[in-house]
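File shown: target22.txt. Contents: compact mmCIF, C-alpha atoms and all ligand atoms.
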```txt
# COMPACT_ATOMS: atom_id res chain seq x y z
CA MET A 21 36.92 -2.50 -10.95
CA SER A 22 35.86 -1.28 -14.37
CA TRP A 23 32.63 -3.27 -14.72
CA GLU A 24 31.38 -1.69 -11.53
CA LYS A 25 31.21 1.68 -13.27
CA ALA A 26 28.31 0.30 -15.31
CA VAL A 27 26.38 -1.12 -12.38
CA ARG A 28 22.94 0.31 -11.66
CA ARG A 29 23.41 1.13 -8.03
CA VAL A 30 20.42 1.46 -5.74
CA VAL A 31 19.82 1.62 -2.02
CA PRO A 32 16.98 -0.87 -1.71
CA TYR A 33 13.68 -0.50 0.11
CA VAL A 34 13.76 -2.18 3.51
CA PRO A 35 10.61 -4.19 4.20
CA GLY A 36 9.41 -4.88 7.75
CA GLU A 37 10.89 -7.94 9.43
CA GLN A 38 9.33 -11.34 8.77
CA PRO A 39 10.29 -13.34 11.87
CA GLN A 40 9.92 -17.13 11.61
CA ASP A 41 8.88 -17.59 15.24
CA LYS A 42 5.10 -18.13 15.24
CA ASN A 43 4.71 -16.87 18.79
CA ILE A 44 5.59 -13.34 17.82
CA ILE A 45 2.72 -10.89 17.70
CA LYS A 46 3.28 -9.40 14.28
CA LEU A 47 2.02 -5.85 14.06
CA ASN A 48 4.78 -4.55 11.77
CA THR A 49 3.79 -5.04 8.13
CA ASN A 50 0.06 -4.28 7.98
CA GLU A 51 -0.96 -7.81 7.10
CA CYS A 52 -4.49 -8.97 7.85
CA PRO A 53 -4.66 -10.92 11.13
CA TYR A 54 -7.43 -13.14 9.77
CA PRO A 55 -7.09 -15.85 7.10
CA PRO A 56 -8.25 -15.35 3.48
CA ALA A 57 -11.85 -16.26 2.55
CA PRO A 58 -12.84 -19.94 3.09
CA GLY A 59 -13.27 -20.36 -0.68
CA VAL A 60 -9.54 -19.69 -1.10
CA ARG A 61 -8.72 -22.62 1.16
CA LYS A 62 -11.14 -24.92 -0.61
CA LEU A 63 -9.69 -24.10 -4.00
CA LEU A 64 -6.13 -24.35 -2.77
CA GLU A 65 -6.80 -27.86 -1.49
CA SER A 66 -8.26 -29.02 -4.80
CA MET A 67 -5.70 -27.40 -7.09
CA LYS A 68 -4.27 -29.56 -9.85
CA TYR A 69 -0.55 -29.78 -9.46
CA GLU A 70 -0.17 -31.18 -13.00
CA ASP A 71 -1.26 -27.80 -14.38
CA MET A 72 1.81 -26.14 -12.94
CA ARG A 73 3.80 -27.33 -15.97
CA LEU A 74 1.83 -24.90 -18.14
CA TYR A 75 2.47 -21.18 -18.36
CA PRO A 76 -0.26 -19.06 -16.85
CA ASP A 77 -2.60 -16.99 -19.03
CA PRO A 78 -0.50 -13.92 -19.88
CA GLU A 79 -3.66 -11.78 -19.91
CA ALA A 80 -4.66 -13.06 -16.45
CA SER A 81 -8.22 -13.11 -17.82
CA VAL A 82 -9.98 -14.93 -14.98
CA LEU A 83 -8.75 -12.44 -12.44
CA VAL A 84 -9.34 -9.43 -14.67
CA ASP A 85 -12.91 -10.66 -15.35
CA ALA A 86 -13.62 -11.08 -11.64
CA LEU A 87 -12.29 -7.59 -10.88
CA SER A 88 -14.25 -6.20 -13.82
CA LYS A 89 -17.53 -7.62 -12.50
CA TYR A 90 -16.87 -6.68 -8.89
CA TYR A 91 -15.88 -3.07 -9.55
CA SER A 92 -17.99 -2.56 -12.70
CA VAL A 93 -14.98 -1.49 -14.74
CA PRO A 94 -14.39 -2.74 -18.34
CA GLU A 95 -11.64 -5.37 -18.68
CA ASP A 96 -9.48 -3.12 -20.85
CA GLN A 97 -9.27 -0.61 -18.01
CA ILE A 98 -7.72 -3.08 -15.56
CA PHE A 99 -4.07 -3.99 -15.06
CA VAL A 100 -2.94 -6.78 -12.70
CA GLY A 101 0.44 -7.64 -11.26
CA VAL A 102 2.51 -9.34 -8.58
CA GLY A 103 1.28 -7.25 -5.67
CA SER A 104 0.75 -3.53 -6.02
CA ASP A 105 4.51 -3.07 -5.72
CA ASP A 106 4.84 -4.70 -9.13
CA VAL A 107 1.94 -2.63 -10.50
CA LEU A 108 3.42 0.62 -9.13
CA SER A 109 6.88 -0.19 -10.39
CA MET A 110 5.43 -0.87 -13.86
CA ALA A 111 3.53 2.42 -13.68
CA TYR A 112 6.79 4.27 -12.91
CA LEU A 113 8.50 2.59 -15.85
CA THR A 114 5.60 3.45 -18.15
CA PHE A 115 4.60 6.98 -17.15
CA PHE A 116 7.45 8.70 -15.37
CA ASN A 117 9.83 9.56 -18.19
CA SER A 118 9.92 13.34 -18.03
CA ASP A 119 12.83 15.65 -17.19
CA LYS A 120 10.55 17.32 -14.67
CA PRO A 121 10.48 15.80 -11.18
CA ILE A 122 7.70 13.55 -9.99
CA LEU A 123 6.13 14.73 -6.74
CA PHE A 124 5.21 12.88 -3.55
CA PRO A 125 5.09 13.69 0.19
CA ASP A 126 8.20 13.62 2.39
CA ILE A 127 6.46 11.13 4.64
CA THR A 128 4.79 8.39 2.65
CA TYR A 129 5.37 4.84 1.43
CA SER A 130 9.17 4.66 1.36
CA PHE A 131 9.22 2.68 -1.88
CA TYR A 132 8.32 5.80 -3.90
CA ASP A 133 11.82 7.26 -3.83
CA VAL A 134 13.45 3.85 -4.26
CA TRP A 135 11.66 3.30 -7.59
CA ALA A 136 12.55 6.83 -8.65
CA GLU A 137 16.21 6.06 -7.92
CA LEU A 138 16.02 2.69 -9.67
CA TYR A 139 14.52 4.14 -12.85
CA LYS A 140 16.51 7.37 -12.60
CA VAL A 141 13.39 9.50 -12.44
CA PRO A 142 13.98 12.97 -10.94
CA TYR A 143 11.76 13.53 -7.90
CA LYS A 144 10.86 16.12 -5.33
CA LYS A 145 9.48 15.40 -1.87
CA ILE A 146 6.89 17.88 -0.65
CA PRO A 147 6.67 18.16 3.15
CA LEU A 148 3.43 17.20 4.86
CA ASP A 149 2.19 19.95 7.18
CA ASP A 150 2.72 19.81 10.96
CA ASP A 151 -0.37 17.62 11.36
CA PHE A 152 1.00 15.19 8.73
CA ARG A 153 -1.56 16.33 6.19
CA ILE A 154 -1.08 16.77 2.45
CA ASN A 155 -1.49 20.32 1.13
CA PHE A 156 -2.80 19.46 -2.32
CA GLU A 157 -2.08 22.84 -3.87
CA ASP A 158 1.63 22.10 -3.51
CA TYR A 159 1.14 19.42 -6.17
CA TYR A 160 -0.66 21.56 -8.78
CA GLU A 161 1.33 21.98 -11.97
CA GLU A 162 0.97 25.80 -11.79
CA LYS A 163 2.94 25.68 -8.57
CA HIS A 164 5.21 22.71 -9.27
CA PRO A 165 5.65 21.74 -12.91
CA ASN A 166 6.01 17.97 -12.65
CA GLY A 167 6.50 14.73 -14.51
CA GLY A 168 3.88 12.93 -12.41
CA VAL A 169 2.38 12.73 -8.94
CA ILE A 170 2.01 9.76 -6.60
CA ILE A 171 -0.14 9.93 -3.46
CA ALA A 172 -1.09 7.12 -1.09
CA ASN A 173 -4.66 7.51 0.20
CA PRO A 174 -4.96 6.80 3.09
CA ASN A 175 -1.36 7.91 3.33
CA ALA A 176 1.17 5.49 4.81
CA PRO A 177 2.46 5.40 7.49
CA VAL A 178 0.33 8.24 8.88
CA GLY A 179 -3.11 6.74 8.11
CA ILE A 180 -4.86 9.97 7.12
CA TYR A 181 -7.55 9.66 4.46
CA GLU A 182 -8.35 12.55 2.12
CA PRO A 183 -11.72 12.88 0.37
CA VAL A 184 -12.12 12.16 -3.35
CA SER A 185 -13.00 15.83 -3.98
CA LYS A 186 -9.41 16.81 -3.11
CA LEU A 187 -8.01 14.13 -5.42
CA GLU A 188 -10.26 15.37 -8.19
CA GLU A 189 -8.88 18.91 -7.76
CA LEU A 190 -5.38 17.43 -7.87
CA VAL A 191 -6.06 15.73 -11.22
CA LYS A 192 -7.82 18.80 -12.61
CA HIS A 193 -4.66 20.78 -11.89
CA ASN A 194 -2.41 18.12 -13.42
CA ARG A 195 -3.70 17.28 -16.87
CA ASN A 196 -0.19 17.07 -18.34
CA SER A 197 1.20 14.24 -16.23
CA VAL A 198 -0.04 10.98 -14.78
CA VAL A 199 -1.45 11.04 -11.24
CA ILE A 200 -1.21 7.76 -9.33
CA ILE A 201 -3.39 7.16 -6.29
CA ASP A 202 -2.14 4.22 -4.21
CA GLU A 203 -5.18 2.87 -2.38
CA ALA A 204 -3.52 -0.02 -0.51
CA TYR A 205 -5.63 0.81 2.59
CA ILE A 206 -8.84 2.11 1.02
CA ASP A 207 -11.04 -0.76 2.25
CA PHE A 208 -10.74 0.23 5.91
CA GLY A 209 -13.14 3.14 5.82
CA GLY A 210 -12.18 5.42 2.92
CA GLU A 211 -14.01 5.96 -0.33
CA SER A 212 -12.15 5.00 -3.50
CA ALA A 213 -11.31 7.58 -6.16
CA LEU A 214 -12.21 4.92 -8.76
CA PRO A 215 -15.11 6.95 -10.32
CA LEU A 216 -12.55 9.56 -11.44
CA ILE A 217 -11.21 7.22 -14.15
CA LYS A 218 -14.40 7.94 -16.13
CA LYS A 219 -13.71 11.67 -16.21
CA TYR A 220 -9.92 11.89 -16.45
CA ASP A 221 -7.70 9.79 -18.72
CA ASN A 222 -4.52 10.46 -16.69
CA ILE A 223 -5.39 9.03 -13.25
CA LEU A 224 -4.34 5.55 -12.17
CA ILE A 225 -5.95 3.93 -9.11
CA VAL A 226 -3.87 1.13 -7.55
CA GLN A 227 -5.14 -1.43 -5.04
CA THR A 228 -3.96 -4.71 -3.53
CA PHE A 229 -5.11 -8.06 -2.11
CA SER A 230 -2.32 -7.88 0.50
CA LYS A 231 -4.08 -5.99 3.27
CA SER A 232 -7.88 -6.10 3.22
CA ARG A 233 -8.13 -9.43 1.39
CA ALA A 234 -5.57 -11.16 3.59
CA MET A 235 -3.44 -12.41 0.70
CA ALA A 236 -0.07 -10.70 1.09
CA GLY A 237 1.62 -14.06 0.54
CA MET A 238 -0.02 -14.57 -2.87
CA ARG A 239 1.20 -11.23 -4.30
CA ILE A 240 -1.80 -9.81 -6.17
CA GLY A 241 -2.19 -6.15 -7.06
CA TYR A 242 -4.28 -4.30 -9.63
CA ALA A 243 -4.91 -0.91 -11.13
CA PHE A 244 -7.73 0.94 -12.86
CA GLY A 245 -7.40 3.72 -15.40
CA SER A 246 -8.48 4.91 -18.83
CA LYS A 247 -8.21 2.39 -21.64
CA LYS A 248 -5.31 4.39 -23.07
CA LEU A 249 -3.41 4.49 -19.78
CA ILE A 250 -3.85 0.77 -19.11
CA GLY A 251 -2.90 0.00 -22.72
CA TYR A 252 0.45 1.74 -22.28
CA MET A 253 1.07 -0.15 -19.04
CA LYS A 254 0.33 -3.47 -20.72
CA ASP A 255 2.74 -2.64 -23.54
CA ALA A 256 5.47 -2.01 -20.97
CA LYS A 257 4.58 -5.16 -19.02
CA PHE A 258 4.64 -7.37 -22.13
CA SER A 259 8.03 -5.90 -22.99
CA PHE A 260 9.30 -6.83 -19.55
CA ASN A 261 7.81 -10.20 -18.56
CA SER A 262 4.68 -11.73 -20.12
CA TYR A 263 4.04 -14.05 -17.21
CA THR A 264 4.23 -11.97 -14.09
CA MET A 265 1.40 -13.66 -12.21
CA ASN A 266 1.48 -17.34 -11.41
CA ARG A 267 -1.37 -19.78 -11.97
CA PRO A 268 -2.44 -20.34 -8.36
CA SER A 269 -2.60 -16.63 -7.57
CA LEU A 270 -4.90 -15.94 -10.52
CA ASP A 271 -7.46 -18.54 -9.41
CA LEU A 272 -7.11 -17.90 -5.69
CA GLY A 273 -7.56 -14.19 -6.31
CA VAL A 274 -10.87 -14.92 -8.02
CA ALA A 275 -11.98 -17.04 -5.04
CA ALA A 276 -11.18 -14.14 -2.69
CA ILE A 277 -13.18 -11.67 -4.78
CA GLU A 278 -16.17 -14.01 -4.93
CA ASP A 279 -16.75 -14.03 -1.16
CA ASP A 280 -17.83 -10.46 -0.64
CA ALA A 281 -19.60 -11.13 2.67
CA TYR A 282 -16.40 -12.50 4.20
CA PHE A 283 -14.39 -9.57 2.86
CA LYS A 284 -16.78 -6.99 4.28
CA ALA A 285 -17.01 -8.76 7.65
CA THR A 286 -13.21 -8.96 7.93
CA CYS A 287 -12.76 -5.26 7.15
CA ALA A 288 -15.52 -4.34 9.64
CA LYS A 289 -13.84 -6.40 12.38
CA ILE A 290 -10.51 -4.65 11.79
CA VAL A 291 -12.15 -1.22 11.78
CA ALA A 292 -13.97 -1.99 15.07
CA THR A 293 -10.73 -3.12 16.70
CA ARG A 294 -8.92 -0.03 15.38
CA GLU A 295 -11.49 2.32 16.90
CA ARG A 296 -11.29 0.57 20.26
CA VAL A 297 -7.48 0.61 20.24
CA LYS A 298 -7.48 4.34 19.43
CA LYS A 299 -9.29 4.99 22.73
CA GLU A 300 -6.98 2.72 24.69
CA LEU A 301 -3.84 4.30 23.25
CA GLN A 302 -5.17 7.77 23.95
CA SER A 303 -5.74 6.94 27.59
CA LEU A 304 -2.14 5.72 27.81
CA GLY A 305 -0.77 9.07 26.64
CA PHE A 306 -0.41 8.40 22.92
CA SER A 307 -1.44 10.82 20.21
CA PHE A 308 -1.91 10.01 16.53
CA PRO A 309 -3.44 11.32 13.32
CA ASP A 310 -6.92 9.89 12.86
CA SER A 311 -6.37 6.68 10.91
CA LYS A 312 -8.64 5.17 8.29
CA ALA A 313 -6.15 2.37 7.59
CA ASN A 314 -5.39 -0.93 9.33
CA PHE A 315 -2.67 0.70 11.44
CA ILE A 316 -2.22 3.58 13.88
CA PHE A 317 0.75 5.95 13.71
CA ALA A 318 1.23 6.79 17.37
CA LYS A 319 3.59 8.84 19.47
CA HIS A 320 3.85 8.82 23.26
CA TYR A 321 4.05 12.17 25.04
CA LYS A 322 6.97 11.05 27.19
CA VAL A 323 8.68 7.86 26.01
CA SER A 324 10.61 7.80 22.72
CA GLY A 325 9.53 5.74 19.75
CA GLU A 326 12.78 3.85 19.65
CA GLU A 327 12.59 2.88 23.32
CA LEU A 328 9.04 1.59 22.96
CA PHE A 329 9.92 -0.23 19.73
CA LEU A 330 12.77 -2.08 21.45
CA ALA A 331 10.79 -2.83 24.63
CA LEU A 332 7.92 -4.25 22.57
CA LYS A 333 10.30 -6.30 20.47
CA LYS A 334 11.84 -7.83 23.57
CA GLU A 335 8.33 -8.80 24.61
CA GLY A 336 7.77 -10.51 21.24
CA ILE A 337 5.52 -7.76 19.87
CA TYR A 338 6.80 -6.39 16.56
CA VAL A 339 5.72 -2.94 15.39
CA ARG A 340 7.38 -0.63 12.82
CA HIS A 341 9.73 2.22 13.67
CA TRP A 342 11.73 4.51 11.37
CA SER A 343 14.84 6.40 12.32
CA THR A 344 13.94 9.32 9.99
CA ASP A 345 14.05 12.66 11.84
CA ARG A 346 10.46 13.76 11.51
CA ILE A 347 8.91 10.49 12.62
CA TYR A 348 11.56 9.24 15.02
CA ASN A 349 9.17 9.23 17.96
CA HIS A 350 6.39 7.44 16.17
CA LEU A 351 5.45 3.79 15.99
CA ARG A 352 3.30 2.32 13.28
CA ILE A 353 1.12 -0.30 14.91
CA THR A 354 -0.80 -2.69 12.65
CA ILE A 355 -4.28 -3.64 13.84
CA GLY A 356 -4.19 -7.32 14.79
CA THR A 357 -6.87 -9.52 16.34
CA ASP A 358 -8.60 -8.26 19.50
CA GLU A 359 -6.57 -10.73 21.52
CA GLU A 360 -3.27 -9.49 20.06
CA MET A 361 -4.20 -5.88 20.66
CA ASP A 362 -5.17 -6.67 24.26
CA LYS A 363 -1.69 -8.10 24.81
CA LEU A 364 -0.12 -4.99 23.31
CA ILE A 365 -2.22 -2.66 25.47
CA ALA A 366 -1.57 -4.72 28.62
CA PHE A 367 2.18 -4.58 28.03
CA LEU A 368 2.16 -0.84 27.33
CA LYS A 369 0.04 -0.17 30.44
CA ASP A 370 2.53 -2.05 32.54
CA TYR A 371 5.61 -0.57 30.87
CA LEU A 372 4.45 3.02 31.01
CA SER A 373 3.36 2.96 34.67
C1 LIG B 401 1.61 -2.51 1.43
C2 LIG B 401 1.67 -1.36 0.48
C3 LIG B 401 1.87 -1.54 -0.88
C4 LIG B 401 2.31 -2.84 -1.51
O1 LIG B 401 1.56 -3.87 -1.30
P1 LIG B 401 1.69 -5.21 -2.16
O2 LIG B 401 1.81 -6.27 -1.13
O3 LIG B 401 2.88 -5.14 -3.05
O4 LIG B 401 0.42 -5.24 -2.90
C5 LIG B 401 1.79 -0.45 -1.72
N1 LIG B 401 1.58 0.76 -1.24
C6 LIG B 401 1.41 0.99 0.07
C7 LIG B 401 1.17 2.37 0.53
C8 LIG B 401 1.47 -0.07 0.96
O5 LIG B 401 1.38 0.16 2.26
```
Just give me the structure as structure tokens.
Ligand SMILES: *Cc1c(COP(=O)(O)O)cnc(C)c1O
Amino acid sequence: MSWEKAVRRVVPYVPGEQPQDKNIIKLNTNECPYPPAPGVRKLLESMKYEDMRLYPDPEASVLVDALSKYYSVPEDQIFVGVGSDDVLSMAYLTFFNSDKPILFPDITYSFYDVWAELYKVPYKKIPLDDDFRINFEDYYEEKHPNGGVIIANPNAPVGIYEPVSKLEELVKHNRNSVVIIDEAYIDFGGESALPLIKKYDNILIVQTFSKSRAMAGMRIGYAFGSKKLIGYMKDAKFSFNSYTMNRPSLDLGVAAIEDDAYFKATCAKIVATRERVKKELQSLGFSFPDSKANFIFAKHYKVSGEELFLALKKEGIYVRHWSTDRIYNHLRITIGTDEEMDKLIAFLKDYLS
């Protein structure tokens, strides 16, 4: 059919399954196993439904102000959106318009090539080394002239965190394109590259409420950068959809930010569980890169990733598995509650013996 010639064809990103059965132990999409801060619940219960007839504030000021205070970043250096997926997609649209390819690792968040395809941005995947580490020099413009760089830190799904000093070198060697650092998992033990926005006008730091703040269902993401960089992103956003974020998410996001003690305690609990689970998995014959995220990317020395994935699924324990060559034998296991992880370990112990 002739109209089909003009269709923008894309192979979409495939998110992890969202089963409706509440008895399933869900360790497949890196959600937080604990509820959002108590203040979020209180606010949600007292929300005025009449206000829903009004458009939300297009500037999302209450949320931007709260982020500004919390992170000590001026308001005009903050961009907010419908989850970091929306923020990242807007960053692609705004910054990646060169004929040169954008660069990202061969194993990373699998949305990066989908957006490149959607926006018709040329891209080049740079292989991680045999230990799943990023060799930063591969991304320097002297070596690979590029139209931009996007790195997840900690990297997904491998979990490895790289120090800010390496990211700074990366930006120093890429002053002619925008460098995006996707920090979706930074609150589980890494140190944010946020201070770099003061020194370099071409670095964008992206974070989300979906993992560490337990609000994946509300869809809140944000980014920090130079005033110039954020200004360009806002221009693109206001040319696309003025009202991306809905009213409840703006206010509930503020409530989540305001309870810092709860946030820190939740992250600490997840980190403690992660470190315990690392030991348990090791004793069962699994190996994995050292993770600073809320998941572990593990491979068993004997049993294939696919077999374990299917056996766990049958047991009602969902983890993530990819059929890509290089990571075929790996499982990405989200850190759940201690109770959930005990059930996982007990099943694996039994299955592997
Ligand atoms: C989860 C995730 C995101 C997207 O999260 P949102 O829910 O859209 O905020 C972005 N990048 C990475 C690496 C992720 O794992």
Tell me, counting all atoms listed in the file, for each residue of chain A within 10 Å of ligand LIG 401 (chain B), which pair of atoms is nearest and how far apart they are in Å to one decimal, in rows ordered by chain and increasing number, as CSV.
```
residue,atom,partner,partner_atom,distance
A:Pro35,CA,B:LIG401,C1,9.6
A:Thr49,CA,B:LIG401,C1,7.5
A:Asn50,CA,B:LIG401,C1,7.0
A:Glu51,CA,B:LIG401,C1,8.2
A:Gly101,CA,B:LIG401,O4,8.7
A:Val102,CA,B:LIG401,O3,7.0
A:Gly103,CA,B:LIG401,O4,3.5
A:Ser104,CA,B:LIG401,O4,3.6
A:Asp105,CA,B:LIG401,O3,3.8
A:Asp106,CA,B:LIG401,O3,6.4
A:Val107,CA,B:LIG401,O3,7.9
A:Leu108,CA,B:LIG401,C5,7.7
A:Ser109,CA,B:LIG401,O3,9.7
A:Thr128,CA,B:LIG401,C7,7.3
A:Tyr129,CA,B:LIG401,C7,5.0
A:Ser130,CA,B:LIG401,C7,8.4
A:Phe131,CA,B:LIG401,N1,7.9
A:Tyr132,CA,B:LIG401,N1,8.8
A:Ile171,CA,B:LIG401,C7,8.6
A:Ala172,CA,B:LIG401,C7,5.5
A:Asn173,CA,B:LIG401,C7,7.8
A:Pro174,CA,B:LIG401,C7,8.0
A:Asn175,CA,B:LIG401,C7,6.7
A:Ala176,CA,B:LIG401,C7,5.3
A:Pro177,CA,B:LIG401,O5,7.5
A:Gly179,CA,B:LIG401,C7,9.7
A:Ile201,CA,B:LIG401,C7,9.5
A:Asp202,CA,B:LIG401,N1,5.9
A:Glu203,CA,B:LIG401,C7,7.0
A:Ala204,CA,B:LIG401,C6,5.1
A:Tyr205,CA,B:LIG401,O5,7.0
A:Val226,CA,B:LIG401,C5,8.3
A:Gln227,CA,B:LIG401,O4,7.1
A:Thr228,CA,B:LIG401,O4,4.5
A:Phe229,CA,B:LIG401,O4,6.3
A:Ser230,CA,B:LIG401,O2,4.7
A:Lys231,CA,B:LIG401,C1,6.9
A:Met235,CA,B:LIG401,O2,8.3
A:Ala236,CA,B:LIG401,O2,5.3
A:Gly237,CA,B:LIG401,O2,8.0
A:Met238,CA,B:LIG401,O2,8.7
A:Arg239,CA,B:LIG401,O2,5.9
A:Ile240,CA,B:LIG401,O4,6.0
A:Gly241,CA,B:LIG401,O4,5.0
A:Tyr242,CA,B:LIG401,O4,8.3
A:Ala313,CA,B:LIG401,O5,9.5
A:Asn314,CA,B:LIG401,O5,9.8
```
Residues near A:Asp280, anyone? I mean within 10 Å using only C-alpha atoms, not counting same-chain ones fewer than 4 positions away, as a PyMOL selection string.
chain A and resi 57+90+233+275-276+284-286
With all atoms listed in the file as the atoms that count, which of A:Arg346, A:Glu79, A:Glu189, A:Pro309 lies nearest to A:Gly325?
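Among the listed residues, A:Arg346 lies closest to A:Gly325.
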Could you list, as a list of chain:residue names, every residue within 12 Å of A:Asn155, counting all atoms listed in the file and ignoring same-chain residues fewer than 2 positions away?
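Non-adjacent residues within range: A:Phe124, A:Pro125, A:Asp126, A:Ile146, A:Pro147, A:Leu148, A:Asp149, A:Asp150, A:Asp151, A:Phe152, A:Arg153, A:Glu157, A:Asp158, A:Tyr159, A:Tyr160, A:Lys163, A:Ile171, A:Glu182, A:Lys186, A:Leu187, A:Glu189, A:Leu190.
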Test item: residues at most 7 Å from stretch 246-252 of chain A, all atoms listed in the file, excluding those fewer than 6 positions along its chain, as a count of residues only:
8
From the list A:Glu211, A:Ser197, A:Phe367, A:Ile223, which residue is nearest A:Val184 when using all atoms listed in the file?
A:Glu211
For A:Ala366: contacts at 12 Å, only C-alpha atoms, fewer than 6 positions along chain excluded, given as a list in words:
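Contacts, in chain order: Val297, Glu300, Leu301, Leu304, Leu332, Glu335, Ile337, Glu359, Glu360, Leu372 and Ser373 of chain A.
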Those same residues - C-alpha atoms - I'd like them written as a CSV table (one decimal), keeping the file's coordinate frame.
```csv
chain,number,residue,atom,x,y,z
A,297,VAL,CA,-7.5,0.6,20.2
A,300,GLU,CA,-7.0,2.7,24.7
A,301,LEU,CA,-3.8,4.3,23.2
A,304,LEU,CA,-2.1,5.7,27.8
A,332,LEU,CA,7.9,-4.2,22.6
A,335,GLU,CA,8.3,-8.8,24.6
A,337,ILE,CA,5.5,-7.8,19.9
A,359,GLU,CA,-6.6,-10.7,21.5
A,360,GLU,CA,-3.3,-9.5,20.1
A,372,LEU,CA,4.4,3.0,31.0
A,373,SER,CA,3.4,3.0,34.7
```
Do a neighbour search on A:Tyr112 at 12 Å with all atoms listed in the file, toss out local chain neighbours closer than 5 positions, and write the hits as a PyMOL selection string.
chain A and resi 105-107+117-118+122+131-143+167-170+197-200+224+252-253+256-257
What does the distance from atom CA of A:Phe308 to atom CA of A:Glu326 come to in Å, to one decimal?
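The value is 16.2 Å.
Protein and nucleic acid residues near (-12.7, -14.8, -9.2) are Ala57, Gly59, Val60, Leu63, Ala80, Ser81, Val82, Leu83, Val84, Asp85, Ala86, Leu87, Ser88, Lys89, Tyr90, Pro268, Ser269, Leu270, Asp271, Leu272, Gly273, Val274, Ala275, Ala276, Ile277, Glu278, Asp279 and Asp280 of chain A, the criterion being any atom at most 12 Å away using only C-alpha atoms.
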Of the listed residues A:Ile127, A:Asp255, A:Arg61, A:Asp71, that which approaches A:Thr344 most closely, counting only C-alpha atoms:
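Of A:Ile127, A:Asp255, A:Arg61, A:Asp71, the one nearest A:Thr344 is A:Ile127, counting only C-alpha atoms.
Checking A:Arg340, A:Tyr75, A:Tyr54, A:Glu65 one by one against A:Asn266, counting all atoms listed in the file, you find the shortest gap at A:Tyr75.
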